[in-house]
Amino acid sequence: MKHELVERLTVPMGKRDHILGPENASATLLEYGDYECPFCGAAHMLVKAILESVGDRICFAFRHFPLSNAHPHAESAAEAAEAAGAQGAFWEMHDVLFENQDALDYDDLAEYAAILELDASRLIMEIRANAYAGRVREDFSSGLRSGVNGTPTFFINGVRYDGPRAVEPMVAALTYSGG
Amino acid sequence: MSNQANYEQMYSKSPRTALPAGGEAPDFSLRSTPDQWVTLSEFRGQPVIVAFYPADWSPVCGDQMALYNEILPEFQKLGAALVGISVDGTWCHAAFAKDRKLHFPLLADFEPKGAVARSYGVYREKDGVSERALFVIDADGFIHWSHVSPVGVNPGAAGILSALEELQTKKEAAAVS
């Protein structure tokens, strides 16, 4: 079987994704991440810096890739972000989760929901009922088939980015690949 | 990627001699625990993923095995079993598997050292460890797909999944005709 040299997204960025930035952006950045992974915590700051620099020209999407054997809270945190998304606050919860990677128990999640003025009991109920487990699994599956071998993994315009994880090279890659 | 430079210094380059797709997979019996053995031919009737890796505890192996641990349900959905093989002994495997909460067997290619890796053409003589090599073996015991990646690079699961999906499509087509 032929093995491609570049890994590409098997599920292109689309309507099902949580997306920040202009729809007609010249370049796209997509991250597969895990809320309990310390490297993703570091990457969160990196993404913020990239968006600050070129956020008006690119759009950014986040997909879940929880390694739940290594990170026992990663799955429920991912589902919490989705549950918050159902209440219109995906990105707000996304930020709070990354800023509190060591406090992701149900009690913590409920507290964050309350701080974000969401319906906390609905959010916890939905997590307990695994209401968004299927959605998280879809992200995970598409990641596996796209060459996501660990977290975080970035894709620029649908192609896996294997360069250094720093603002300058990533902004350069986004700028050049955007044409 | 920072690990890669270290690995390249640590492990010399070796010729690529991995058994290709099409041939029969050499059978083996290896210890999975100090008193249990796993034999490849016992899996006849279902696909088996054989993942050779250089060593327990090394960072890339950890990530690679952690990833496969997460994907086990996907592999099982495709009817496949998974075994990891390295030259580490069973007690080392047991400690590694416990630490990483692995839910699949790690087999000890320990005595004679690397014999199974050698029979698959993925033993690095000079380094005394196996390549980071993947084999997908079909239900009849033939190699359907093989892949060797640089020792420091996590090969991921995309190749395994598409190989298993091919096998499933083949099986379904055979059932129809």
# chains A, B, ... in the order shown; residues from 1 in each chain; ligands from 1
>>> closest_atom_pairs(of="segment 8-106 of chain B", to="segment 150-163 of chain B", cutoff="9 Å", atoms="only C-alpha atoms", output="tab-separated table")
residue	atom	partner	partner_atom	distance
B:Glu8	CA	B:Gly152	CA	7.4
B:Tyr11	CA	B:Val151	CA	7.8
B:Ile49	CA	B:Ile160	CA	7.7
B:Tyr53	CA	B:Val151	CA	8.1
B:Pro54	CA	B:Val151	CA	7.4
B:Pro59	CA	B:Gly152	CA	8.8
B:Val60	CA	B:Asn154	CA	6.0
B:Cys61	CA	B:Asn154	CA	7.4
B:Asp63	CA	B:Asn154	CA	7.4
B:Gln64	CA	B:Asn154	CA	5.7
B:Leu67	CA	B:Gly156	CA	7.4
B:Tyr68	CA	B:Ala157	CA	7.3
B:Ile71	CA	B:Ala157	CA	8.2
B:Glu74	CA	B:Leu161	CA	8.3
B:Phe75	CA	B:Leu161	CA	7.4
B:Leu78	CA	B:Leu161	CA	8.4
>>> interface_residues(of="chain A", to="chain B", cutoff="6 Å", atoms="only C-alpha atoms", output="ChimeraX atom specification")
/A:144-145,147,149
>>> write_last_selection(atoms="C-alpha atoms", output="PDB file, in the first residue's frame")
ATOM      1  CA  LEU A 144      -6.932   8.834  13.648  1.00  0.00           C
ATOM      2  CA  ARG A 145      -7.517   8.594   9.932  1.00  0.00           C
ATOM      3  CA  GLY A 147      -2.499  11.092  10.893  1.00  0.00           C
ATOM      4  CA  ASN A 149      -0.671  10.414  16.405  1.00  0.00           C
TER       5      ASN A 149
END
>>> select_by_dssp(residues="segment 19-108 of chain B", states="alpha helix (DSSP H)", output="list in words")
Pro59, Val60, Cys61, Gly62, Asp63, Gln64, Met65, Ala66, Leu67, Tyr68, Asn69, Glu70, Ile71, Leu72, Pro73, Glu74, Phe75, Gln76, Lys77, Thr90, Trp91, Cys92, His93, Ala94, Ala95, Phe96, Ala97, Lys98 and Asp99 of chain B
>>> write_last_selection(atoms="N, CA and C atoms", output="mmCIF file, in the first residue's frame")
data_model
loop_
_atom_site.group_PDB
_atom_site.id
_atom_site.type_symbol
_atom_site.label_atom_id
_atom_site.label_comp_id
_atom_site.auth_asym_id
_atom_site.auth_seq_id
_atom_site.Cartn_x
_atom_site.Cartn_y
_atom_site.Cartn_z
ATOM 1 N N PRO B 59 10.147 7.498 24.981
ATOM 2 C CA PRO B 59 9.010 8.412 24.828
ATOM 3 C C PRO B 59 8.105 8.138 23.632
ATOM 4 N N VAL B 60 8.651 7.882 22.462
ATOM 5 C CA VAL B 60 7.781 7.674 21.300
ATOM 6 C C VAL B 60 6.963 6.399 21.454
ATOM 7 N N CYS B 61 7.624 5.335 21.947
ATOM 8 C CA CYS B 61 6.894 4.083 22.157
ATOM 9 C C CYS B 61 5.719 4.341 23.070
ATOM 10 N N GLY B 62 5.987 5.120 24.130
ATOM 11 C CA GLY B 62 4.926 5.422 25.084
ATOM 12 C C GLY B 62 3.745 6.039 24.378
ATOM 13 N N ASP B 63 4.034 7.070 23.579
ATOM 14 C CA ASP B 63 2.952 7.755 22.863
ATOM 15 C C ASP B 63 2.247 6.801 21.906
ATOM 16 N N GLN B 64 3.054 6.006 21.176
ATOM 17 C CA GLN B 64 2.487 5.114 20.164
ATOM 18 C C GLN B 64 1.586 4.081 20.842
ATOM 19 N N MET B 65 2.075 3.471 21.918
ATOM 20 C CA MET B 65 1.280 2.448 22.596
ATOM 21 C C MET B 65 0.054 3.090 23.278
ATOM 22 N N ALA B 66 0.233 4.313 23.805
ATOM 23 C CA ALA B 66 -0.904 5.011 24.426
ATOM 24 C C ALA B 66 -1.987 5.280 23.382
ATOM 25 N N LEU B 67 -1.547 5.630 22.185
ATOM 26 C CA LEU B 67 -2.502 5.891 21.100
ATOM 27 C C LEU B 67 -3.253 4.609 20.743
ATOM 28 N N TYR B 68 -2.513 3.498 20.582
ATOM 29 C CA TYR B 68 -3.156 2.235 20.216
ATOM 30 C C TYR B 68 -4.122 1.786 21.318
ATOM 31 N N ASN B 69 -3.748 2.083 22.551
ATOM 32 C CA ASN B 69 -4.614 1.758 23.677
ATOM 33 C C ASN B 69 -5.973 2.458 23.539
ATOM 34 N N GLU B 70 -5.928 3.710 23.100
ATOM 35 C CA GLU B 70 -7.167 4.479 22.926
ATOM 36 C C GLU B 70 -7.985 3.961 21.747
ATOM 37 N N ILE B 71 -7.291 3.434 20.751
ATOM 38 C CA ILE B 71 -7.974 3.035 19.516
ATOM 39 C C ILE B 71 -8.471 1.609 19.581
ATOM 40 N N LEU B 72 -8.109 0.886 20.648
ATOM 41 C CA LEU B 72 -8.519 -0.526 20.736
ATOM 42 C C LEU B 72 -9.963 -0.758 20.322
ATOM 43 N N PRO B 73 -10.914 0.067 20.824
ATOM 44 C CA PRO B 73 -12.306 -0.174 20.407
ATOM 45 C C PRO B 73 -12.486 -0.111 18.891
ATOM 46 N N GLU B 74 -11.756 0.791 18.222
ATOM 47 C CA GLU B 74 -11.869 0.903 16.754
ATOM 48 C C GLU B 74 -11.294 -0.363 16.097
ATOM 49 N N PHE B 75 -10.163 -0.814 16.617
ATOM 50 C CA PHE B 75 -9.562 -2.045 16.084
ATOM 51 C C PHE B 75 -10.522 -3.217 16.281
ATOM 52 N N GLN B 76 -11.122 -3.272 17.469
ATOM 53 C CA GLN B 76 -12.030 -4.391 17.768
ATOM 54 C C GLN B 76 -13.269 -4.340 16.888
ATOM 55 N N LYS B 77 -13.736 -3.107 16.606
ATOM 56 C CA LYS B 77 -14.890 -2.961 15.723
ATOM 57 C C LYS B 77 -14.584 -3.567 14.359
ATOM 58 N N THR B 90 9.368 -9.933 30.428
ATOM 59 C CA THR B 90 7.960 -9.860 30.856
ATOM 60 C C THR B 90 7.757 -8.949 32.062
ATOM 61 N N TRP B 91 8.719 -8.900 32.987
ATOM 62 C CA TRP B 91 8.517 -8.047 34.172
ATOM 63 C C TRP B 91 8.560 -6.576 33.793
ATOM 64 N N CYS B 92 9.409 -6.273 32.845
ATOM 65 C CA CYS B 92 9.492 -4.895 32.344
ATOM 66 C C CYS B 92 8.186 -4.542 31.632
ATOM 67 N N HIS B 93 7.710 -5.451 30.778
ATOM 68 C CA HIS B 93 6.430 -5.239 30.086
ATOM 69 C C HIS B 93 5.301 -5.034 31.090
ATOM 70 N N ALA B 94 5.309 -5.856 32.154
ATOM 71 C CA ALA B 94 4.223 -5.776 33.136
ATOM 72 C C ALA B 94 4.211 -4.397 33.797
ATOM 73 N N ALA B 95 5.394 -3.894 34.147
ATOM 74 C CA ALA B 95 5.470 -2.583 34.809
ATOM 75 C C ALA B 95 5.049 -1.475 33.842
ATOM 76 N N PHE B 96 5.477 -1.595 32.593
ATOM 77 C CA PHE B 96 5.154 -0.589 31.571
ATOM 78 C C PHE B 96 3.644 -0.577 31.300
ATOM 79 N N ALA B 97 3.085 -1.780 31.125
ATOM 80 C CA ALA B 97 1.657 -1.890 30.820
ATOM 81 C C ALA B 97 0.810 -1.360 31.972
ATOM 82 N N LYS B 98 1.278 -1.611 33.202
ATOM 83 C CA LYS B 98 0.529 -1.146 34.375
ATOM 84 C C LYS B 98 0.587 0.383 34.442
ATOM 85 N N ASP B 99 1.776 0.923 34.221
ATOM 86 C CA ASP B 99 1.954 2.372 34.294
ATOM 87 C C ASP B 99 1.112 3.086 33.251
#
>>> closest_residue(among="A:Val171, A:Ile124, A:Val47, A:Leu116", to="Leu30 of chain A", atoms="only C-alpha atoms")
A:Val47
>>> select_by_dssp(residues="segment 21-122 of chain B", states="strand (DSSP E)", output="list of chain:residue names")
B:Ser29, B:Leu30, B:Arg31, B:Ser32, B:Thr33, B:Gln36, B:Trp37, B:Val38, B:Thr39, B:Val48, B:Ile49, B:Val50, B:Ala51, B:Phe52, B:Ala81, B:Leu82, B:Val83, B:Gly84, B:Ile85, B:Ser86, B:Leu106, B:Leu107, B:Ala108
>>> residues_around(residues="Val159 of chain A", least_positions_apart="5", cutoff="10 Å", atoms="only C-alpha atoms", output="JSON, numbers by chain")
{"A": [6, 7, 8, 9, 10, 28, 29, 30, 146, 147, 154, 177]}
>>> atom_distance(atom1="atom CA of Val48 of chain B", atom2="atom CA of Leu164 of chain B")
9.2 Å
>>> closest_residue(among="A:Tyr35, A:Gln87, A:Leu46, A:Ser53", to="His71 of chain A", atoms="only C-alpha atoms")
A:Tyr35
>>> residues_around(residues="Ala115 of chain B", least_positions_apart="6", cutoff="12 Å", atoms="only C-alpha atoms", output="list in words")
Pro26, Asp27, Phe28, Ser29, Leu30, Ile85, Ser86, Val87, Ala108, Asp109, Gly121, Val122, Tyr123, Arg124, Glu125, Gly128, Val129 and Ser130 of chain B
>>> decode(residues="segment 75-99 of chain B", atoms="N, CA and C atoms", output="PDB file, in the first residue's frame")
ATOM      1  N   PHE B  75     -10.163  -0.814  16.617  1.00  0.00           N
ATOM      2  CA  PHE B  75      -9.562  -2.045  16.084  1.00  0.00           C
ATOM      3  C   PHE B  75     -10.522  -3.217  16.281  1.00  0.00           C
ATOM      4  N   GLN B  76     -11.122  -3.272  17.469  1.00  0.00           N
ATOM      5  CA  GLN B  76     -12.030  -4.391  17.768  1.00  0.00           C
ATOM      6  C   GLN B  76     -13.269  -4.340  16.888  1.00  0.00           C
ATOM      7  N   LYS B  77     -13.736  -3.107  16.606  1.00  0.00           N
ATOM      8  CA  LYS B  77     -14.890  -2.961  15.723  1.00  0.00           C
ATOM      9  C   LYS B  77     -14.584  -3.567  14.359  1.00  0.00           C
ATOM     10  N   LEU B  78     -13.321  -3.474  13.957  1.00  0.00           N
ATOM     11  CA  LEU B  78     -12.901  -4.040  12.673  1.00  0.00           C
ATOM     12  C   LEU B  78     -12.473  -5.499  12.831  1.00  0.00           C
ATOM     13  N   GLY B  79     -12.772  -6.071  13.988  1.00  0.00           N
ATOM     14  CA  GLY B  79     -12.554  -7.499  14.213  1.00  0.00           C
ATOM     15  C   GLY B  79     -11.111  -7.887  14.511  1.00  0.00           C
ATOM     16  N   ALA B  80     -10.251  -6.907  14.761  1.00  0.00           N
ATOM     17  CA  ALA B  80      -8.825  -7.207  14.856  1.00  0.00           C
ATOM     18  C   ALA B  80      -8.334  -7.292  16.299  1.00  0.00           C
ATOM     19  N   ALA B  81      -7.286  -8.111  16.486  1.00  0.00           N
ATOM     20  CA  ALA B  81      -6.586  -8.170  17.765  1.00  0.00           C
ATOM     21  C   ALA B  81      -5.262  -7.424  17.609  1.00  0.00           C
ATOM     22  N   LEU B  82      -4.726  -6.958  18.719  1.00  0.00           N
ATOM     23  CA  LEU B  82      -3.477  -6.185  18.702  1.00  0.00           C
ATOM     24  C   LEU B  82      -2.483  -6.783  19.677  1.00  0.00           C
ATOM     25  N   VAL B  83      -1.236  -6.962  19.242  1.00  0.00           N
ATOM     26  CA  VAL B  83      -0.167  -7.311  20.171  1.00  0.00           C
ATOM     27  C   VAL B  83       1.021  -6.395  19.912  1.00  0.00           C
ATOM     28  N   GLY B  84       1.689  -6.001  21.002  1.00  0.00           N
ATOM     29  CA  GLY B  84       2.935  -5.238  20.898  1.00  0.00           C
ATOM     30  C   GLY B  84       4.092  -6.191  21.172  1.00  0.00           C
ATOM     31  N   ILE B  85       5.211  -6.000  20.485  1.00  0.00           N
ATOM     32  CA  ILE B  85       6.378  -6.868  20.699  1.00  0.00           C
ATOM     33  C   ILE B  85       7.643  -6.020  20.824  1.00  0.00           C
ATOM     34  N   SER B  86       8.403  -6.257  21.885  1.00  0.00           N
ATOM     35  CA  SER B  86       9.747  -5.681  21.969  1.00  0.00           C
ATOM     36  C   SER B  86      10.655  -6.704  22.642  1.00  0.00           C
ATOM     37  N   VAL B  87      11.952  -6.402  22.704  1.00  0.00           N
ATOM     38  CA  VAL B  87      12.894  -7.348  23.293  1.00  0.00           C
ATOM     39  C   VAL B  87      12.909  -7.267  24.827  1.00  0.00           C
ATOM     40  N   ASP B  88      12.107  -6.392  25.402  1.00  0.00           N
ATOM     41  CA  ASP B  88      12.058  -6.293  26.866  1.00  0.00           C
ATOM     42  C   ASP B  88      11.485  -7.575  27.474  1.00  0.00           C
ATOM     43  N   GLY B  89      11.874  -7.873  28.707  1.00  0.00           N
ATOM     44  CA  GLY B  89      11.381  -9.059  29.405  1.00  0.00           C
ATOM     45  C   GLY B  89       9.977  -8.859  29.961  1.00  0.00           C
ATOM     46  N   THR B  90       9.368  -9.933  30.428  1.00  0.00           N
ATOM     47  CA  THR B  90       7.960  -9.860  30.856  1.00  0.00           C
ATOM     48  C   THR B  90       7.757  -8.949  32.062  1.00  0.00           C
ATOM     49  N   TRP B  91       8.719  -8.900  32.987  1.00  0.00           N
ATOM     50  CA  TRP B  91       8.517  -8.047  34.172  1.00  0.00           C
ATOM     51  C   TRP B  91       8.560  -6.576  33.793  1.00  0.00           C
ATOM     52  N   CYS B  92       9.409  -6.273  32.845  1.00  0.00           N
ATOM     53  CA  CYS B  92       9.492  -4.895  32.344  1.00  0.00           C
ATOM     54  C   CYS B  92       8.186  -4.542  31.632  1.00  0.00           C
ATOM     55  N   HIS B  93       7.710  -5.451  30.778  1.00  0.00           N
ATOM     56  CA  HIS B  93       6.430  -5.239  30.086  1.00  0.00           C
ATOM     57  C   HIS B  93       5.301  -5.034  31.090  1.00  0.00           C
ATOM     58  N   ALA B  94       5.309  -5.856  32.154  1.00  0.00           N
ATOM     59  CA  ALA B  94       4.223  -5.776  33.136  1.00  0.00           C
ATOM     60  C   ALA B  94       4.211  -4.397  33.797  1.00  0.00           C
ATOM     61  N   ALA B  95       5.394  -3.894  34.147  1.00  0.00           N
ATOM     62  CA  ALA B  95       5.470  -2.583  34.809  1.00  0.00           C
ATOM     63  C   ALA B  95       5.049  -1.475  33.842  1.00  0.00           C
ATOM     64  N   PHE B  96       5.477  -1.595  32.593  1.00  0.00           N
ATOM     65  CA  PHE B  96       5.154  -0.589  31.571  1.00  0.00           C
ATOM     66  C   PHE B  96       3.644  -0.577  31.300  1.00  0.00           C
ATOM     67  N   ALA B  97       3.085  -1.780  31.125  1.00  0.00           N
ATOM     68  CA  ALA B  97       1.657  -1.890  30.820  1.00  0.00           C
ATOM     69  C   ALA B  97       0.810  -1.360  31.972  1.00  0.00           C
ATOM     70  N   LYS B  98       1.278  -1.611  33.202  1.00  0.00           N
ATOM     71  CA  LYS B  98       0.529  -1.146  34.375  1.00  0.00           C
ATOM     72  C   LYS B  98       0.587   0.383  34.442  1.00  0.00           C
ATOM     73  N   ASP B  99       1.776   0.923  34.221  1.00  0.00           N
ATOM     74  CA  ASP B  99       1.954   2.372  34.294  1.00  0.00           C
ATOM     75  C   ASP B  99       1.112   3.086  33.251  1.00  0.00           C
TER      76      ASP B  99
END
